[in-house]
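Participant: The file below is upload_15.cif, mmCIF, C-alpha atoms:
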data_entry
#
loop_
_atom_site.group_PDB
_atom_site.id
_atom_site.type_symbol
_atom_site.label_atom_id
_atom_site.label_comp_id
_atom_site.auth_asym_id
_atom_site.auth_seq_id
_atom_site.Cartn_x
_atom_site.Cartn_y
_atom_site.Cartn_z
ATOM 1 C CA MET Y 23 -11.380 5.086 -32.775
ATOM 2 C CA PRO Y 24 -9.759 3.903 -29.527
ATOM 3 C CA LEU Y 25 -6.080 4.532 -29.046
ATOM 4 C CA THR Y 26 -3.756 1.567 -28.706
ATOM 5 C CA ARG Y 27 -0.849 0.956 -26.358
ATOM 6 C CA GLY Y 28 2.373 2.834 -26.955
ATOM 7 C CA ARG Y 29 5.488 3.044 -24.841
ATOM 8 C CA ILE Y 30 6.166 3.864 -21.208
ATOM 9 C CA GLY Y 31 7.924 7.211 -20.899
ATOM 10 C CA GLY Y 32 8.720 7.683 -17.231
ATOM 11 C CA TYR Y 33 8.251 10.003 -14.314
ATOM 12 C CA ASP Y 34 8.546 13.786 -14.729
ATOM 13 C CA SER Y 35 9.343 15.239 -11.289
ATOM 14 C CA GLU Y 36 8.877 18.825 -12.522
ATOM 15 C CA ARG Y 37 5.290 18.189 -13.635
ATOM 16 C CA MET Y 38 4.639 15.549 -10.962
ATOM 17 C CA ALA Y 39 3.239 13.285 -13.656
ATOM 18 C CA PHE Y 40 4.004 9.985 -15.341
ATOM 19 C CA GLY Y 41 4.453 10.042 -19.113
ATOM 20 C CA PHE Y 42 3.491 7.426 -21.672
ATOM 21 C CA THR Y 43 2.365 7.274 -25.275
ATOM 22 C CA MET Y 44 -0.631 5.876 -27.085
ATOM 23 C CA MET Y 45 -0.983 5.163 -30.783
ATOM 24 C CA HIS Y 46 -3.630 6.398 -33.220
ATOM 25 C CA GLY Y 47 -2.762 4.336 -36.275
ATOM 26 C CA ASP Y 48 0.882 5.217 -36.888
ATOM 27 C CA GLN Y 49 0.646 8.547 -35.019
ATOM 28 C CA GLU Y 50 2.181 8.595 -31.536
ATOM 29 C CA ILE Y 51 0.169 10.596 -28.964
ATOM 30 C CA GLU Y 52 1.976 11.907 -25.867
ATOM 31 C CA CYS Y 53 0.076 11.336 -22.610
ATOM 32 C CA GLN Y 54 0.580 12.102 -18.921
ATOM 33 C CA ILE Y 55 -1.209 11.178 -15.724
ATOM 34 C CA SER Y 56 -0.753 13.328 -12.628
ATOM 35 C CA ASP Y 57 0.474 11.854 -9.348
ATOM 36 C CA ALA Y 58 -2.850 12.716 -7.720
ATOM 37 C CA ALA Y 59 -4.846 11.036 -10.491
ATOM 38 C CA MET Y 60 -2.767 7.865 -10.323
ATOM 39 C CA ASP Y 61 -3.127 7.737 -6.542
ATOM 40 C CA GLU Y 62 -6.889 8.336 -6.863
ATOM 41 C CA LEU Y 63 -7.162 5.465 -9.334
ATOM 42 C CA ALA Y 64 -5.115 3.213 -7.032
ATOM 43 C CA GLY Y 65 -7.079 4.253 -3.931
ATOM 44 C CA THR Y 66 -3.952 5.485 -2.168
ATOM 45 C CA ARG Y 67 -2.098 8.722 -1.390
ATOM 46 C CA GLY Y 68 1.485 9.944 -1.424
ATOM 47 C CA THR Y 69 3.139 7.247 -3.528
ATOM 48 C CA ALA Y 70 6.898 7.848 -3.719
ATOM 49 C CA SER Y 71 8.178 9.085 -7.088
ATOM 50 C CA MET Y 72 10.490 6.062 -7.420
ATOM 51 C CA ALA Y 73 7.431 3.777 -7.187
ATOM 52 C CA ARG Y 74 5.460 5.557 -9.927
ATOM 53 C CA GLN Y 75 6.534 3.274 -12.776
ATOM 54 C CA ALA Y 76 5.418 0.150 -10.908
ATOM 55 C CA GLN Y 77 2.156 1.895 -10.025
ATOM 56 C CA PHE Y 78 1.634 2.868 -13.672
ATOM 57 C CA VAL Y 79 2.289 -0.694 -14.857
ATOM 58 C CA ALA Y 80 -0.248 -2.043 -12.340
ATOM 59 C CA LEU Y 81 -2.870 0.494 -13.475
ATOM 60 C CA ARG Y 82 -1.890 0.642 -17.146
ATOM 61 C CA ASP Y 83 -5.083 -0.804 -18.651
ATOM 62 C CA ALA Y 84 -7.310 1.623 -16.730
ATOM 63 C CA VAL Y 85 -5.023 4.615 -17.396
ATOM 64 C CA GLU Y 86 -4.884 3.863 -21.114
ATOM 65 C CA ARG Y 87 -8.674 3.456 -21.284
ATOM 66 C CA ILE Y 88 -9.109 6.893 -19.704
ATOM 67 C CA ALA Y 89 -6.572 8.457 -22.106
ATOM 68 C CA SER Y 90 -8.364 6.896 -25.072
ATOM 69 C CA ASP Y 91 -11.745 8.159 -23.806
ATOM 70 C CA ILE Y 92 -10.352 11.696 -23.419
ATOM 71 C CA TYR Y 93 -8.915 11.545 -26.936
ATOM 72 C CA ASP Y 94 -12.219 10.348 -28.388
ATOM 73 C CA SER Y 95 -14.309 12.947 -26.549
ATOM 74 C CA SER Y 96 -12.309 16.068 -27.414
ATOM 75 C CA PRO Y 97 -11.245 17.799 -30.620
ATOM 76 C CA VAL Y 98 -8.066 16.345 -32.061
ATOM 77 C CA VAL Y 99 -5.185 18.828 -31.890
ATOM 78 C CA ARG Y 100 -2.083 17.488 -33.591
ATOM 79 C CA GLY Y 101 0.894 17.481 -31.221
ATOM 80 C CA ALA Y 102 -1.191 18.070 -28.075
ATOM 81 C CA THR Y 103 -0.529 16.022 -24.951
ATOM 82 C CA ILE Y 104 -3.409 14.161 -23.327
ATOM 83 C CA ARG Y 105 -3.277 14.956 -19.615
ATOM 84 C CA ILE Y 106 -5.182 12.913 -17.047
ATOM 85 C CA PHE Y 107 -6.126 14.661 -13.800
ATOM 86 C CA THR Y 108 -8.198 13.591 -10.779
ATOM 87 C CA LYS Y 109 -11.346 15.047 -12.387
ATOM 88 C CA HIS Y 110 -11.036 12.359 -15.066
ATOM 89 C CA ILE Y 111 -10.760 9.592 -12.457
ATOM 90 C CA ALA Y 112 -13.856 10.671 -10.517
ATOM 91 C CA LYS Y 113 -15.787 10.796 -13.801
ATOM 92 C CA GLU Y 114 -14.515 7.325 -14.729
ATOM 93 C CA GLN Y 115 -15.556 5.776 -11.419
ATOM 94 C CA SER Y 116 -19.106 7.292 -11.401
#
What would you get if you wrote out this structure as structure tokens?
Facilitator:
Amino acid sequence: MPLTRGRIGGYDSERMAFGFTMMHGDQEIECQISDAAMDELAGTRGTASMARQAQFVALRDAVERIASDIYDSSPVVRGATIRIFTKHIAKEQS
């Protein structure tokens, strides 16, 4: 079952990742996409941290599709965070 859109969380400078949530029914699933993965998806490099939210919004449909695919293809672990890295982007674009 594909995940549906949740809420935008924001940028985590410690993890160098942008957080958001997806929904599986009424269960909220925490998700993150790394800076490198978001830049790879956008075809750019070195986006400033203060521009990450705008970048996420522009790429949101693609990012959420990847998160949903990861969720569907791996065992469900309650409370786990779905993390998107560059390896997921290269796989997506093949």
Participant: I would like the residues chosen by the PyMOL selection byres ((chain Y and resi 81-85) around 9) on the shown file; could you give them as a PyMOL selection string?
Facilitator: chain Y and resi 27+55+60+63-64+76-80+86-90+106
Participant: Can those selected residues be exported to a file as a CSV table (one decimal), keeping the file's coordinate frame so that it contains C-alpha atoms?
Facilitator:
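Saved file out.csv follows:
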chain,number,residue,atom,x,y,z
Y,27,ARG,CA,-0.8,1.0,-26.4
Y,55,ILE,CA,-1.2,11.2,-15.7
Y,60,MET,CA,-2.8,7.9,-10.3
Y,63,LEU,CA,-7.2,5.5,-9.3
Y,64,ALA,CA,-5.1,3.2,-7.0
Y,76,ALA,CA,5.4,0.2,-10.9
Y,77,GLN,CA,2.2,1.9,-10.0
Y,78,PHE,CA,1.6,2.9,-13.7
Y,79,VAL,CA,2.3,-0.7,-14.9
Y,80,ALA,CA,-0.2,-2.0,-12.3
Y,86,GLU,CA,-4.9,3.9,-21.1
Y,87,ARG,CA,-8.7,3.5,-21.3
Y,88,ILE,CA,-9.1,6.9,-19.7
Y,89,ALA,CA,-6.6,8.5,-22.1
Y,90,SER,CA,-8.4,6.9,-25.1
Y,106,ILE,CA,-5.2,12.9,-17.0
Participant: Which neighbours of Ala102 in chain Y fall inside 10 Å, counting only C-alpha atoms, when residues of the same chain fewer than 6 positions from it are skipped, and could you give them as a VMD selection string?
Facilitator: chain Y and resid 51 to 53
Participant: Print the selection's residues with C-alpha atoms to a file, as a compact mmCIF listing (two decimals), in the coordinates of the input.
Facilitator:
# COMPACT_ATOMS: atom_id res chain seq x y z
CA ILE Y 51 0.17 10.60 -28.96
CA GLU Y 52 1.98 11.91 -25.87
CA CYS Y 53 0.08 11.34 -22.61
Participant: Go through Y:Met72, Y:Gly32, Y:Gly65, Y:Tyr93 one by one, measure the shortest atom-to-atom distance of each to Met44 in chain Y using only C-alpha atoms, and give the residue with the smallest value.
Facilitator: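 Nearest candidate to Met44 in chain Y out of Y:Met72, Y:Gly32, Y:Gly65, Y:Tyr93: Y:Tyr93.
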Participant: Provide the CA of Tyr33 in chain Y to CA of Ser56 in chain Y distance in Å, to one decimal place.
Facilitator: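 Interatomic distance here is 9.7 Å.
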Participant: Using CA of Thr69 in chain Y and CA of His110 in chain Y as the two end points, give the distance in Å to one decimal.
Facilitator: 19.0 Å
Participant: Edge lengths and centre in Å to one decimal, as JSON, is what I'm after for the box along x, y and z that holds all listed atoms of range 32-41 of chain Y once 4 Å is added on each side.
Facilitator:
{"center_x": 6.3, "center_y": 13.3, "center_z": -15.0, "size_x": 14.1, "size_y": 19.1, "size_z": 16.2}
Participant: Can you complete the atoms of range 37-55 of chain Y to N, CA and C atoms and list them as a short mmCIF file (atom, residue, chain, number, x, y, z; two decimals), in the frame of the given file?
Facilitator:
data_model
loop_
_atom_site.label_atom_id
_atom_site.label_comp_id
_atom_site.auth_asym_id
_atom_site.auth_seq_id
_atom_site.Cartn_x
_atom_site.Cartn_y
_atom_site.Cartn_z
N ARG Y 37 6.74 18.13 -13.43
CA ARG Y 37 5.29 18.19 -13.64
C ARG Y 37 4.52 17.32 -12.64
N MET Y 38 5.25 16.50 -11.89
CA MET Y 38 4.64 15.55 -10.96
C MET Y 38 3.62 14.69 -11.71
N ALA Y 39 4.10 14.09 -12.80
CA ALA Y 39 3.24 13.28 -13.66
C ALA Y 39 4.06 12.17 -14.30
N PHE Y 40 3.36 11.11 -14.68
CA PHE Y 40 4.00 9.98 -15.34
C PHE Y 40 3.65 10.03 -16.82
N GLY Y 41 4.65 9.95 -17.68
CA GLY Y 41 4.45 10.04 -19.11
C GLY Y 41 4.41 8.69 -19.80
N PHE Y 42 3.60 8.62 -20.84
CA PHE Y 42 3.49 7.43 -21.67
C PHE Y 42 2.95 7.85 -23.02
N THR Y 43 2.95 6.95 -23.97
CA THR Y 43 2.37 7.27 -25.28
C THR Y 43 1.27 6.27 -25.62
N MET Y 44 0.41 6.73 -26.51
CA MET Y 44 -0.63 5.88 -27.08
C MET Y 44 -0.51 6.05 -28.59
N MET Y 45 -1.07 5.11 -29.33
CA MET Y 45 -0.98 5.16 -30.78
C MET Y 45 -2.37 5.34 -31.39
N HIS Y 46 -2.44 6.23 -32.40
CA HIS Y 46 -3.63 6.40 -33.22
C HIS Y 46 -3.17 6.07 -34.63
N GLY Y 47 -3.36 4.80 -35.02
CA GLY Y 47 -2.76 4.34 -36.28
C GLY Y 47 -1.26 4.36 -36.11
N ASP Y 48 -0.58 5.11 -37.01
CA ASP Y 48 0.88 5.22 -36.89
C ASP Y 48 1.31 6.52 -36.22
N GLN Y 49 0.35 7.29 -35.71
CA GLN Y 49 0.65 8.55 -35.02
C GLN Y 49 0.80 8.30 -33.52
N GLU Y 50 1.93 8.73 -32.97
CA GLU Y 50 2.18 8.60 -31.54
C GLU Y 50 1.60 9.80 -30.80
N ILE Y 51 0.81 9.55 -29.76
CA ILE Y 51 0.17 10.60 -28.96
C ILE Y 51 0.82 10.62 -27.58
N GLU Y 52 1.38 11.76 -27.20
CA GLU Y 52 1.98 11.91 -25.87
C GLU Y 52 0.87 12.00 -24.82
N CYS Y 53 1.06 11.34 -23.70
CA CYS Y 53 0.08 11.34 -22.61
C CYS Y 53 0.79 11.47 -21.27
N GLN Y 54 0.07 12.01 -20.29
CA GLN Y 54 0.58 12.10 -18.92
C GLN Y 54 -0.57 11.88 -17.96
N ILE Y 55 -0.25 11.28 -16.82
CA ILE Y 55 -1.21 11.18 -15.72
C ILE Y 55 -0.57 11.78 -14.49
#
